[in-house]
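For reference, query-v8.tsv (TSV, C-alpha atoms and all ligand atoms):
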```tsv
chain	number	residue	atom	x	y	z
A	266	MET	CA	130.02	135.63	76.05
A	267	THR	CA	128.71	134.97	72.54
A	268	ARG	CA	130.36	132.56	70.14
A	269	GLU	CA	131.30	135.59	67.98
A	270	GLN	CA	133.13	137.26	70.86
A	271	ARG	CA	134.90	134.02	71.68
A	272	LYS	CA	136.09	133.61	68.10
A	273	TRP	CA	137.49	137.14	68.12
A	274	GLN	CA	139.33	136.45	71.37
A	275	HIS	CA	140.86	133.40	69.69
A	276	VAL	CA	142.17	135.62	66.89
A	277	GLU	CA	143.56	138.21	69.30
A	278	LEU	CA	145.21	135.63	71.53
A	279	ALA	CA	146.58	133.62	68.59
A	280	LEU	CA	148.34	136.78	67.40
A	281	ARG	CA	150.22	137.10	70.69
A	282	ALA	CA	153.79	135.85	70.51
A	283	ASP	CA	153.40	133.65	73.58
A	284	ALA	CA	150.61	131.69	71.85
A	285	ARG	CA	153.34	129.60	70.26
A	286	PRO	CA	156.54	128.03	71.57
A	287	GLU	CA	159.99	129.34	70.74
A	288	THR	CA	161.48	126.00	69.81
A	289	SER	CA	160.22	123.35	67.43
A	290	ASP	CA	160.58	119.61	67.28
A	291	PHE	CA	161.36	120.04	63.59
A	292	ASP	CA	164.78	121.33	64.69
A	293	GLU	CA	165.43	117.79	65.94
A	294	VAL	CA	165.23	116.45	62.36
A	295	ARG	CA	168.34	116.41	60.22
A	296	LEU	CA	168.09	115.68	56.50
A	297	VAL	CA	171.25	114.04	55.16
A	298	HIS	CA	173.12	116.39	52.82
A	299	ARG	CA	173.99	115.22	49.37
A	300	SER	CA	176.81	116.81	47.39
A	301	LEU	CA	175.59	115.58	43.99
A	302	PRO	CA	171.84	116.19	43.79
A	303	GLU	CA	171.83	115.93	39.95
A	304	THR	CA	168.86	118.24	39.52
A	305	ALA	CA	168.03	121.91	38.86
A	306	VAL	CA	165.59	124.43	40.38
A	307	LYS	CA	163.77	124.71	37.04
A	308	ASP	CA	162.99	120.98	37.10
A	309	VAL	CA	161.19	121.08	40.43
A	310	LYS	CA	157.43	120.41	40.33
A	311	LEU	CA	155.30	121.34	43.33
A	312	ASP	CA	151.98	119.73	42.38
A	313	THR	CA	150.54	117.25	44.84
A	314	ALA	CA	147.40	115.18	45.41
A	315	LEU	CA	145.23	115.12	48.51
A	316	GLY	CA	143.24	111.98	47.80
A	317	ASP	CA	141.42	112.82	44.56
A	318	LEU	CA	142.02	116.57	44.90
A	319	MET	CA	144.81	117.83	42.69
A	320	LEU	CA	146.69	120.86	44.05
A	321	SER	CA	149.23	123.00	42.20
A	322	HIS	CA	151.39	123.25	45.32
A	323	PRO	CA	151.34	121.78	48.83
A	324	LEU	CA	150.48	124.82	50.95
A	325	LEU	CA	147.10	125.06	52.67
A	326	ILE	CA	145.80	128.13	54.52
A	327	ASN	CA	144.28	126.14	57.35
A	328	ALA	CA	141.01	126.63	59.23
A	329	MET	CA	140.65	129.78	61.31
A	330	THR	CA	137.87	132.27	60.99
A	331	GLY	CA	134.38	133.32	59.97
A	332	GLY	CA	131.20	133.75	61.97
A	333	SER	CA	131.27	137.53	62.54
A	334	ALA	CA	131.75	140.72	60.51
A	335	GLN	CA	135.33	141.14	61.71
A	336	THR	CA	136.39	137.57	61.03
A	337	GLY	CA	134.57	137.74	57.67
A	338	GLU	CA	136.99	140.53	56.74
A	339	ILE	CA	139.93	138.31	57.65
A	340	ASN	CA	138.42	135.55	55.50
A	341	ARG	CA	138.21	138.02	52.60
A	342	GLU	CA	141.94	138.78	52.86
A	343	LEU	CA	142.91	135.12	53.27
A	344	ALA	CA	140.73	134.14	50.30
A	345	GLN	CA	142.16	136.89	48.11
A	346	ALA	CA	145.66	135.58	48.80
A	347	ALA	CA	144.50	131.99	48.24
A	348	ALA	CA	142.97	132.93	44.86
A	349	GLU	CA	146.04	134.86	43.71
A	350	THR	CA	148.53	132.14	44.68
A	351	GLY	CA	146.43	129.04	43.89
A	352	THR	CA	146.56	128.00	47.54
A	353	ALA	CA	143.97	125.65	49.03
A	354	MET	CA	142.13	127.18	51.98
A	355	ALA	CA	139.91	126.00	54.82
A	356	VAL	CA	137.40	128.23	56.60
A	357	GLY	CA	137.02	128.21	60.39
A	358	SER	CA	134.28	126.28	62.13
A	359	GLN	CA	130.93	127.04	60.46
A	360	ARG	CA	128.84	126.06	63.42
A	361	ALA	CA	127.78	129.64	64.21
A	362	ALA	CA	126.50	130.11	60.65
A	363	LEU	CA	124.58	126.82	60.79
A	364	VAL	CA	122.70	128.19	63.79
A	365	ASP	CA	122.33	131.80	62.59
A	366	GLY	CA	121.96	132.20	58.82
A	367	ARG	CA	122.96	135.88	58.97
A	368	LEU	CA	126.55	134.81	59.65
A	369	GLN	CA	126.85	132.76	56.45
A	370	SER	CA	128.19	135.70	54.42
A	371	SER	CA	131.39	135.72	56.53
A	372	PHE	CA	132.11	132.23	55.14
A	373	ARG	CA	130.60	132.63	51.66
A	374	ILE	CA	133.00	135.51	51.00
A	375	VAL	CA	135.74	132.88	50.67
A	376	ARG	CA	134.01	131.28	47.67
A	377	GLU	CA	133.06	134.66	46.20
A	378	MET	CA	136.69	135.80	46.26
A	379	ASN	CA	137.96	132.51	44.87
A	380	PRO	CA	135.31	130.93	42.61
A	381	ARG	CA	137.55	128.20	41.19
A	382	GLY	CA	139.78	127.57	44.20
A	383	VAL	CA	140.05	124.50	46.39
A	384	ILE	CA	138.16	125.32	49.60
A	385	PHE	CA	137.44	123.18	52.64
A	386	ALA	CA	134.41	123.48	54.90
A	387	ASN	CA	134.94	122.98	58.66
A	388	VAL	CA	132.76	121.70	61.50
A	389	GLY	CA	133.18	119.72	64.72
A	390	ALA	CA	132.34	116.02	65.05
A	391	ASP	CA	129.29	116.87	67.17
A	392	VAL	CA	127.41	118.34	64.21
A	393	SER	CA	124.64	116.34	62.50
A	394	LEU	CA	125.14	114.87	59.03
A	395	ASP	CA	122.57	117.27	57.62
A	396	ASP	CA	124.48	120.23	59.03
A	397	MET	CA	127.73	118.87	57.63
A	398	ALA	CA	126.11	118.76	54.19
A	399	ARG	CA	124.84	122.34	54.71
A	400	ALA	CA	128.32	123.53	55.68
A	401	VAL	CA	129.72	122.05	52.45
A	402	GLU	CA	126.96	123.56	50.37
A	403	MET	CA	127.32	127.01	52.04
A	404	ILE	CA	130.72	127.56	50.41
A	405	GLU	CA	130.54	124.94	47.62
A	406	ALA	CA	133.40	123.20	49.39
A	407	ASN	CA	135.69	120.67	47.73
A	408	ALA	CA	136.14	118.75	51.00
A	409	LEU	CA	134.96	118.85	54.61
A	410	GLN	CA	137.32	119.13	57.55
A	411	ILE	CA	135.91	117.60	60.74
A	412	HIS	CA	137.93	119.04	63.60
A	413	LEU	CA	138.74	117.24	66.84
A	414	ASN	CA	139.51	119.58	69.74
A	415	VAL	CA	138.70	117.70	72.94
A	416	PRO	CA	141.36	119.36	75.17
A	417	GLN	CA	140.23	122.83	74.05
A	418	GLU	CA	136.57	122.07	74.84
A	419	LEU	CA	137.45	120.65	78.24
A	420	ILE	CA	139.59	123.63	79.26
A	421	MET	CA	136.83	126.08	78.19
A	422	PRO	CA	134.35	126.51	81.05
A	423	GLU	CA	131.54	126.73	78.47
A	424	GLY	CA	132.97	123.90	76.32
A	425	ASP	CA	131.50	120.47	75.53
A	426	ARG	CA	131.71	117.78	78.15
A	427	SER	CA	130.59	114.72	76.21
A	428	PHE	CA	132.52	113.26	73.30
A	429	SER	CA	130.96	109.90	72.62
A	430	GLY	CA	129.56	109.00	69.23
A	431	TYR	CA	132.11	111.05	67.28
A	432	LEU	CA	133.61	108.04	65.52
A	433	ARG	CA	130.19	106.89	64.35
A	434	THR	CA	129.40	110.38	62.99
A	435	ILE	CA	132.73	110.45	61.18
A	436	GLU	CA	132.05	107.02	59.68
A	437	GLN	CA	128.65	108.18	58.41
A	438	ALA	CA	130.09	111.42	57.05
A	439	VAL	CA	132.68	109.49	55.04
A	440	THR	CA	130.08	107.24	53.45
A	441	ARG	CA	127.25	109.72	52.94
A	442	LEU	CA	128.73	113.12	52.09
A	443	SER	CA	129.37	114.04	48.48
A	444	VAL	CA	132.88	115.39	49.17
A	445	PRO	CA	136.00	113.88	50.80
A	446	VAL	CA	136.28	114.11	54.60
A	447	ILE	CA	139.49	115.26	56.30
A	448	VAL	CA	139.68	114.54	60.02
A	449	LYS	CA	141.74	117.26	61.65
A	450	GLU	CA	143.29	118.00	65.02
A	451	VAL	CA	143.75	121.62	66.10
A	452	GLY	CA	147.22	121.52	67.66
A	453	PHE	CA	147.23	118.46	69.93
A	454	GLY	CA	148.46	115.98	67.31
A	455	MET	CA	147.58	112.35	66.64
A	456	ALA	CA	149.03	108.92	67.35
A	457	ARG	CA	148.78	105.39	65.98
A	458	GLU	CA	145.74	104.56	68.10
A	459	THR	CA	143.78	107.44	66.54
A	460	TYR	CA	144.94	106.69	62.99
A	461	ARG	CA	143.78	103.08	63.36
A	462	GLN	CA	140.36	104.14	64.63
A	463	LEU	CA	140.02	106.56	61.70
A	464	VAL	CA	141.09	103.96	59.14
A	465	ASP	CA	138.52	101.55	60.56
A	466	ALA	CA	135.90	104.29	60.19
A	467	GLY	CA	136.77	104.55	56.48
A	468	VAL	CA	138.65	107.88	56.71
A	469	ARG	CA	141.19	108.45	53.92
A	470	ILE	CA	142.66	111.86	54.79
A	471	VAL	CA	143.93	113.22	58.12
A	472	ASP	CA	145.39	116.55	59.18
A	473	VAL	CA	147.70	115.71	62.08
A	474	GLY	CA	147.30	119.23	63.58
A	475	GLY	CA	150.24	118.75	65.92
A	476	ARG	CA	151.57	120.66	68.91
A	477	GLY	CA	154.30	123.23	68.25
A	478	GLY	CA	152.42	126.18	66.79
A	479	THR	CA	149.24	127.92	67.86
A	480	ASN	CA	148.48	126.49	71.27
A	481	PHE	CA	144.79	126.25	72.10
A	482	ALA	CA	145.42	124.88	75.59
A	483	TRP	CA	147.30	128.12	76.31
A	484	ILE	CA	144.68	130.29	74.55
A	485	GLU	CA	141.80	128.77	76.54
A	486	ARG	CA	143.77	129.07	79.75
A	487	GLU	CA	144.28	132.78	79.06
A	488	ARG	CA	140.56	133.16	78.37
A	489	ARG	CA	139.65	131.47	81.66
A	490	GLY	CA	141.90	133.84	83.57
A	491	ASP	CA	142.00	131.65	86.69
A	492	GLY	CA	145.19	129.76	85.76
A	493	ARG	CA	143.56	126.35	85.98
A	494	TYR	CA	144.74	123.60	83.63
A	495	ALA	CA	148.03	125.47	83.01
A	496	TYR	CA	149.67	122.03	83.14
A	497	LEU	CA	147.92	121.06	79.88
A	498	SER	CA	149.82	123.71	77.91
A	499	ASP	CA	152.22	121.14	76.50
A	500	HIS	CA	149.67	118.35	76.17
A	501	GLY	CA	149.60	116.29	72.98
A	502	GLN	CA	151.95	115.14	70.25
A	503	SER	CA	154.08	117.55	68.24
A	504	THR	CA	153.60	117.67	64.49
A	505	LEU	CA	156.88	115.79	64.05
A	506	VAL	CA	155.85	113.03	66.49
A	507	SER	CA	152.40	112.82	64.86
A	508	LEU	CA	154.08	112.27	61.48
A	509	LEU	CA	156.41	109.62	62.92
A	510	GLU	CA	153.42	107.87	64.49
A	511	TRP	CA	151.71	108.00	61.11
A	512	GLN	CA	154.77	106.44	59.45
A	513	ALA	CA	154.73	103.68	62.06
A	514	ALA	CA	151.00	103.05	61.66
A	515	GLN	CA	151.63	102.22	57.97
A	516	ALA	CA	148.08	103.41	57.51
A	517	SER	CA	146.49	103.98	54.14
A	518	LEU	CA	145.81	107.58	55.16
A	519	VAL	CA	146.85	110.59	53.10
A	520	CYS	CA	148.34	113.09	55.46
A	521	VAL	CA	148.26	116.87	55.91
A	522	ALA	CA	151.02	118.16	58.20
A	523	SER	CA	150.06	121.21	60.22
A	524	GLY	CA	150.84	122.82	63.54
A	525	GLY	CA	153.83	125.12	63.94
A	526	ILE	CA	155.11	125.04	60.36
A	527	ARG	CA	157.56	127.99	60.34
A	528	HIS	CA	159.38	127.99	57.01
A	529	ALA	CA	160.29	126.05	53.87
A	530	LEU	CA	162.73	123.79	55.74
A	531	ASP	CA	159.88	122.58	58.00
A	532	ILE	CA	157.82	122.03	54.84
A	533	VAL	CA	160.45	119.82	53.16
A	534	LYS	CA	160.91	117.91	56.42
A	535	ALA	CA	157.16	117.28	56.59
A	536	HIS	CA	157.26	115.95	53.01
A	537	ALA	CA	160.29	113.81	53.83
A	538	LEU	CA	158.11	112.29	56.56
A	539	GLY	CA	155.35	111.55	54.08
A	540	ALA	CA	152.98	114.52	54.19
A	541	ALA	CA	151.11	115.33	50.96
A	542	VAL	CA	150.07	118.84	52.00
A	543	VAL	CA	151.27	121.32	54.63
A	544	GLY	CA	148.88	123.62	56.51
A	545	ILE	CA	149.66	127.01	58.02
A	546	SER	CA	147.29	129.01	60.20
A	547	GLY	CA	148.78	131.37	62.79
A	548	LYS	CA	151.51	132.47	60.42
A	549	ALA	CA	148.98	133.31	57.67
A	550	LEU	CA	146.87	135.23	60.19
A	551	ARG	CA	149.87	137.28	61.31
A	552	ALA	CA	150.77	138.09	57.69
A	553	VAL	CA	147.24	139.35	57.02
A	554	GLN	CA	147.25	141.37	60.21
A	555	GLU	CA	150.60	142.97	59.30
A	556	GLY	CA	149.86	143.80	55.69
A	557	GLY	CA	146.60	142.31	54.44
A	558	ALA	CA	146.32	139.94	51.49
A	559	ALA	CA	149.36	141.52	49.80
A	560	ARG	CA	151.63	140.52	52.67
A	561	LEU	CA	150.28	136.97	52.69
A	562	ILE	CA	150.70	136.67	48.90
A	563	GLU	CA	154.32	137.78	49.24
A	564	MET	CA	154.84	135.28	52.06
A	565	ILE	CA	153.35	132.35	50.09
A	566	TYR	CA	155.37	133.09	46.95
A	567	GLY	CA	158.47	133.43	49.13
A	568	GLU	CA	157.84	130.03	50.75
A	569	LEU	CA	157.24	128.37	47.37
A	570	ASP	CA	160.49	129.84	45.98
A	571	GLU	CA	162.43	128.56	48.97
A	572	LEU	CA	160.71	125.21	48.70
A	573	ARG	CA	161.96	124.81	45.10
A	574	VAL	CA	165.47	125.73	46.24
A	575	LEU	CA	165.44	123.27	49.15
A	576	MET	CA	164.04	120.47	46.99
A	577	THR	CA	166.93	121.05	44.59
A	578	LEU	CA	169.36	120.89	47.50
A	579	PHE	CA	167.98	117.45	48.39
A	580	GLY	CA	167.78	116.20	44.80
A	581	ALA	CA	163.96	116.07	44.74
A	582	ARG	CA	162.10	116.93	41.53
A	583	HIS	CA	158.73	116.01	42.97
A	584	LEU	CA	157.56	116.37	46.54
A	585	ARG	CA	157.27	112.59	46.88
A	586	ASP	CA	161.02	112.29	46.11
A	587	MET	CA	161.64	113.89	49.53
A	588	GLN	CA	160.54	110.54	50.97
A	589	ARG	CA	163.79	109.03	49.70
A	590	VAL	CA	165.99	111.50	51.61
A	591	PRO	CA	167.51	109.83	54.68
A	592	LEU	CA	166.88	111.70	57.91
A	593	LEU	CA	167.82	111.51	61.55
A	594	VAL	CA	165.63	112.33	64.51
A	595	ARG	CA	167.18	113.48	67.78
A	596	GLY	CA	166.07	114.75	71.16
A	597	GLU	CA	162.69	114.23	72.76
A	598	ALA	CA	161.11	112.90	69.56
A	599	ARG	CA	163.79	110.22	69.37
A	600	ALA	CA	163.08	109.16	72.96
A	601	TRP	CA	159.37	109.01	72.13
A	602	CYS	CA	160.07	106.75	69.14
A	603	ILE	CA	162.22	104.37	71.18
A	604	ASP	CA	159.52	104.03	73.85
A	605	ARG	CA	156.77	103.60	71.28
A	606	GLY	CA	158.69	101.08	69.17
A	607	ILE	CA	158.89	103.34	66.11
A	608	ASP	CA	161.72	102.23	63.85
A	609	LEU	CA	163.93	105.23	63.05
A	610	ALA	CA	166.58	103.14	61.28
A	611	GLN	CA	164.37	102.77	58.20
A	612	LEU	CA	164.33	106.59	57.95
A	613	SER	CA	168.03	107.16	58.60
A	614	ARG	CA	169.20	104.46	56.16
A	615	ARG	CA	166.75	104.77	53.33
A	616	GLY	CA	167.98	105.65	49.85
A	617	GLU	CA	171.42	104.15	50.54
A	618	VAL	CA	173.39	103.24	47.43
B	1	LIG	C1	142.48	132.14	65.34
B	1	LIG	C2	142.41	130.68	65.07
B	1	LIG	C3	141.20	130.06	64.97
B	1	LIG	C4	141.10	128.69	64.67
B	1	LIG	N1	139.86	128.11	64.50
B	1	LIG	C5	139.79	126.83	64.04
B	1	LIG	C6	138.55	126.26	63.68
B	1	LIG	O1	137.51	126.91	63.76
B	1	LIG	N2	138.53	124.97	63.23
B	1	LIG	C7	139.69	124.23	63.13
B	1	LIG	O2	139.65	123.09	62.69
B	1	LIG	N3	140.87	124.74	63.49
B	1	LIG	C8	140.96	126.02	63.93
B	1	LIG	N4	142.18	126.56	64.24
B	1	LIG	C9	143.36	125.67	64.29
B	1	LIG	C10	144.23	125.71	63.03
B	1	LIG	O3	143.52	125.25	61.91
B	1	LIG	C11	145.50	124.86	63.23
B	1	LIG	O4	145.17	123.52	63.41
B	1	LIG	C12	146.35	125.33	64.43
B	1	LIG	O5	146.31	126.73	64.52
B	1	LIG	C13	147.80	124.91	64.32
B	1	LIG	O6	148.42	125.48	63.18
B	1	LIG	P1	149.45	126.74	63.26
B	1	LIG	O7	150.46	126.37	64.29
B	1	LIG	O8	149.98	126.90	61.88
B	1	LIG	O9	148.65	127.94	63.70
B	1	LIG	C14	142.29	127.94	64.53
B	1	LIG	C15	143.53	128.58	64.62
B	1	LIG	C16	143.61	129.92	64.87
B	1	LIG	C17	144.97	130.57	64.94
```

Exercise: express the given structure as structure tokens:
Amino acid sequence: MTREQRKWQHVELALRADARPETSDFDEVRLVHRSLPETAVKDVKLDTALGDLMLSHPLLINAMTGGSAQTGEINRELAQAAAETGTAMAVGSQRAALVDGRLQSSFRIVREMNPRGVIFANVGADVSLDDMARAVEMIEANALQIHLNVPQELIMPEGDRSFSGYLRTIEQAVTRLSVPVIVKEVGFGMARETYRQLVDAGVRIVDVGGRGGTNFAWIERERRGDGRYAYLSDHGQSTLVSLLEWQAAQASLVCVASGGIRHALDIVKAHALGAAVVGISGKALRAVQEGGAARLIEMIYGELDELRVLMTLFGARHLRDMQRVPLLVRGEARAWCIDRGIDLAQLSRRGEV
């Protein structure tokens, strides 16, 4: 099977309802209601900063496609919606186009459709520094996402089997590339141990890419067809747990929350837990499949409207004000925090008057 065919299978499987769980850890978070928010919807500002990158709002259409004619068409629709709504967007892994120059147009279309937009390049950590620079140049990217997807590779029969040297490559990428580096998971989440390694390597921005949305362990298991590794389908940390681990790490990292973000309430919860930006992938893909760029544009504007309303509800004029809203964590995530020594009291009691 070619890489192009594999990428298309990923799209088809990601669109299936069982590619994502029915419940979300975010439902275990309760934001404390306030009867006197003392603010108004018109006063809400959605601008945010991802390191030095200034964004007009916190949504990111996260890495998915490119590398074939069909996925190039999806990129065109995603990019059209990104341009219209001022949404930052990442392309899918550019590895195929680094090997075969004919595939570059399926990524370049994203820059063509959105000449002034904020666009992220995307490669794995096994790519050389030269190729990373080429990926950035290919789409005149504003930042480079380096994705980490070890479980996915290991479940794939044709996947990588060796993962040493990644940290060193990441360290070099941070110091030598001309754009910021974002180290990103693809749905298995992160924990303190990983954040510390990344901080030591000089990384400033992470995308926690947590469990709870598109599930690549499930997708690769379906592709294998022999049922092996089914037990890894719930492997990894949820997006909520990844954010709590990030809080506990007290790391200097700027954080993108992604993985299973369903609606504006999940978005405000992610900001309450410290995220600067919130990424959506599977949901954006489904919107484009249902009704092209127009459907995705409608969805993004809808989310932004609801976000303004919810921020008003919680008395937040700026996204960072959400970090003052006290919140409680229940269920499995709470048990995780107790076992890992993560202090939830500082979240549930903050902002007390
Ligand atoms: C069809 C598809 C292809 C993807 N390909 C990539 C990729 O090439 N590089 C990457 O970093 N992440 C890739 N992802 C992972 C997403 O960026 C994201 O981390 C993951 O889907 C979780 O977000 P979600 O629950 O909103 O879908 C892909 C996701 C989908 C749905």

Any idea what's packed within 9 Å of Leu394 in chain A, counting all atoms listed in the file, ignoring anything in its chain fewer than 3 positions away? Could you give it as JSON, numbers by chain?
{"A": [397, 398, 399, 434, 437, 438, 441, 442]}

Long-range neighbours of range 302-309 of chain A as JSON, numbers by chain, 7 Å cut-off, all atoms listed in the file, 6 positions minimum in chain:
{"A": [573, 574, 577, 578, 579, 580, 582, 583]}

Near range 278-280 of chain A, counting all atoms listed in the file, which residues have an atom at most 12 Å away, once you skip same-chain residues fewer than 5 positions from it, shown as number ranges by chain?
A: 271-273, 285-286, 329-330, 478-488, 546-555

Just the selected residues (C-alpha atoms), exported as a short mmCIF file (atom, residue, chain, number, x, y, z; two decimals), in the frame of the given file, please.
```
data_model
loop_
_atom_site.label_atom_id
_atom_site.label_comp_id
_atom_site.auth_asym_id
_atom_site.auth_seq_id
_atom_site.Cartn_x
_atom_site.Cartn_y
_atom_site.Cartn_z
CA ARG A 271 134.90 134.02 71.68
CA LYS A 272 136.09 133.61 68.10
CA TRP A 273 137.49 137.14 68.12
CA ARG A 285 153.34 129.60 70.26
CA PRO A 286 156.54 128.03 71.57
CA MET A 329 140.65 129.78 61.31
CA THR A 330 137.87 132.27 60.99
CA GLY A 478 152.42 126.18 66.79
CA THR A 479 149.24 127.92 67.86
CA ASN A 480 148.48 126.49 71.27
CA PHE A 481 144.79 126.25 72.10
CA ALA A 482 145.42 124.88 75.59
CA TRP A 483 147.30 128.12 76.31
CA ILE A 484 144.68 130.29 74.55
CA GLU A 485 141.80 128.77 76.54
CA ARG A 486 143.77 129.07 79.75
CA GLU A 487 144.28 132.78 79.06
CA ARG A 488 140.56 133.16 78.37
CA SER A 546 147.29 129.01 60.20
CA GLY A 547 148.78 131.37 62.79
CA LYS A 548 151.51 132.47 60.42
CA ALA A 549 148.98 133.31 57.67
CA LEU A 550 146.87 135.23 60.19
CA ARG A 551 149.87 137.28 61.31
CA ALA A 552 150.77 138.09 57.69
CA VAL A 553 147.24 139.35 57.02
CA GLN A 554 147.25 141.37 60.21
CA GLU A 555 150.60 142.97 59.30
#
```

Counting all atoms listed in the file, the residue of A:Arg589, A:Arg615, A:Arg605, A:Arg268 that sits nearest ligand LIG 1 (chain B)
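Among the listed residues, the smallest separation from ligand LIG 1 (chain B) belongs to A:Arg268.
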
What is the atom C11 of ligand LIG 1 (chain B)-CA of Ile326 in chain A distance in Å, reported with one decimal?
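Result for atom C11 of ligand LIG 1 (chain B) versus CA of Ile326 in chain A: 9.3 Å, one decimal.
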
Contact check, chain A to ligand LIG 1 (chain B), at most 7 Å, counting all atoms listed in the file, closest pairs as a tab-separated table:
```
residue	atom	partner	partner_atom	distance
A:Lys272	CA	B:LIG1	C3	7.0
A:His275	CA	B:LIG1	C1	4.8
A:Val276	CA	B:LIG1	C1	3.8
A:Ala279	CA	B:LIG1	C17	5.0
A:Asn327	CA	B:LIG1	O3	4.7
A:Ala328	CA	B:LIG1	O3	3.9
A:Met329	CA	B:LIG1	C4	3.6
A:Thr330	CA	B:LIG1	C3	5.6
A:Gly357	CA	B:LIG1	O1	3.6
A:Ser358	CA	B:LIG1	O1	3.7
A:Asn387	CA	B:LIG1	N2	6.1
A:Val388	CA	B:LIG1	N2	6.9
A:Gln410	CA	B:LIG1	O2	6.9
A:Ile411	CA	B:LIG1	O2	6.9
A:His412	CA	B:LIG1	O2	4.5
A:Lys449	CA	B:LIG1	O2	6.3
A:Glu450	CA	B:LIG1	O4	6.0
A:Val451	CA	B:LIG1	O4	3.6
A:Gly452	CA	B:LIG1	C13	4.8
A:Gly474	CA	B:LIG1	O4	4.8
A:Gly475	CA	B:LIG1	C13	6.8
A:Gly477	CA	B:LIG1	O7	6.3
A:Gly478	CA	B:LIG1	O7	3.2
A:Thr479	CA	B:LIG1	O7	4.1
A:Ser523	CA	B:LIG1	O6	5.4
A:Gly524	CA	B:LIG1	O6	3.6
A:Gly525	CA	B:LIG1	O7	3.6
A:Ile526	CA	B:LIG1	O8	5.7
A:Gly544	CA	B:LIG1	O8	6.4
A:Ile545	CA	B:LIG1	O8	3.9
A:Ser546	CA	B:LIG1	O8	3.8
A:Gly547	CA	B:LIG1	O9	3.6
A:Lys548	CA	B:LIG1	O8	6.0
A:Leu550	CA	B:LIG1	C17	6.9
```

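Pairwise distance (CA of Leu612 in chain A, CA of Leu518 in chain A) equals 18.8 Å.
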
Of the residues A:Ala353, A:Ala513, A:Ala559, A:Ala466, which is the one nearest to Thr313 in chain A, using only C-alpha atoms?
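For Thr313 in chain A, the nearest of the given residues is A:Ala353.
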
To one decimal in Å, tell me the separation between CA of Arg614 in chain A and CA of Leu296 in chain A.
11.3 Å

Taking 3 positions as the minimum chain separation for residues in the same chain, which residues sit within 9 Å of Gln502 in chain A when counting only C-alpha atoms? Answer as a list of chain:residue names.
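Near neighbours after the sequence-gap exclusion: A:Gly452, A:Phe453, A:Gly454, A:Met455, A:Ala456, A:Gly475, A:Arg476, A:Gly477, A:Asp499, A:Leu505, A:Val506, A:Ser507.
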
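Those residues positioned at most 9 Å from (147.3, 122.5, 42.2) are Leu311, Asp312, Thr313, Ala314, Leu318, Met319, Leu320, Ser321, His322, Pro323, Gly351, Thr352, Ala353 and Val383 of chain A, judged using all atoms listed in the file.
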
Which residues, protein or nucleic acid, reach to within 6 Å of (159.5, 118.0, 64.0) in the file's coordinates when using all atoms listed in the file, and can you give that as number ranges by chain?
A: 290-291, 504-505

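Using all atoms listed in the file, the nearest neighbour of Gly430 in chain A within the list A:Asp391, A:Glu458, A:Glu342, A:Glu597 is A:Asp391.
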
Skipping near chain neighbours, those fewer than 3 positions away, what residues fall within 12 Å of Arg461 in chain A using only C-alpha atoms, listed as an NGL selection string?
:A and (432 or 455-458 or 464-469 or 471 or 510-511 or 513-518)

Between A:Met421, A:Ala522, A:Val375, A:Ile607, which residue has the minimum interatomic distance to Leu509 in chain A, considering all atoms listed in the file?
A:Ile607
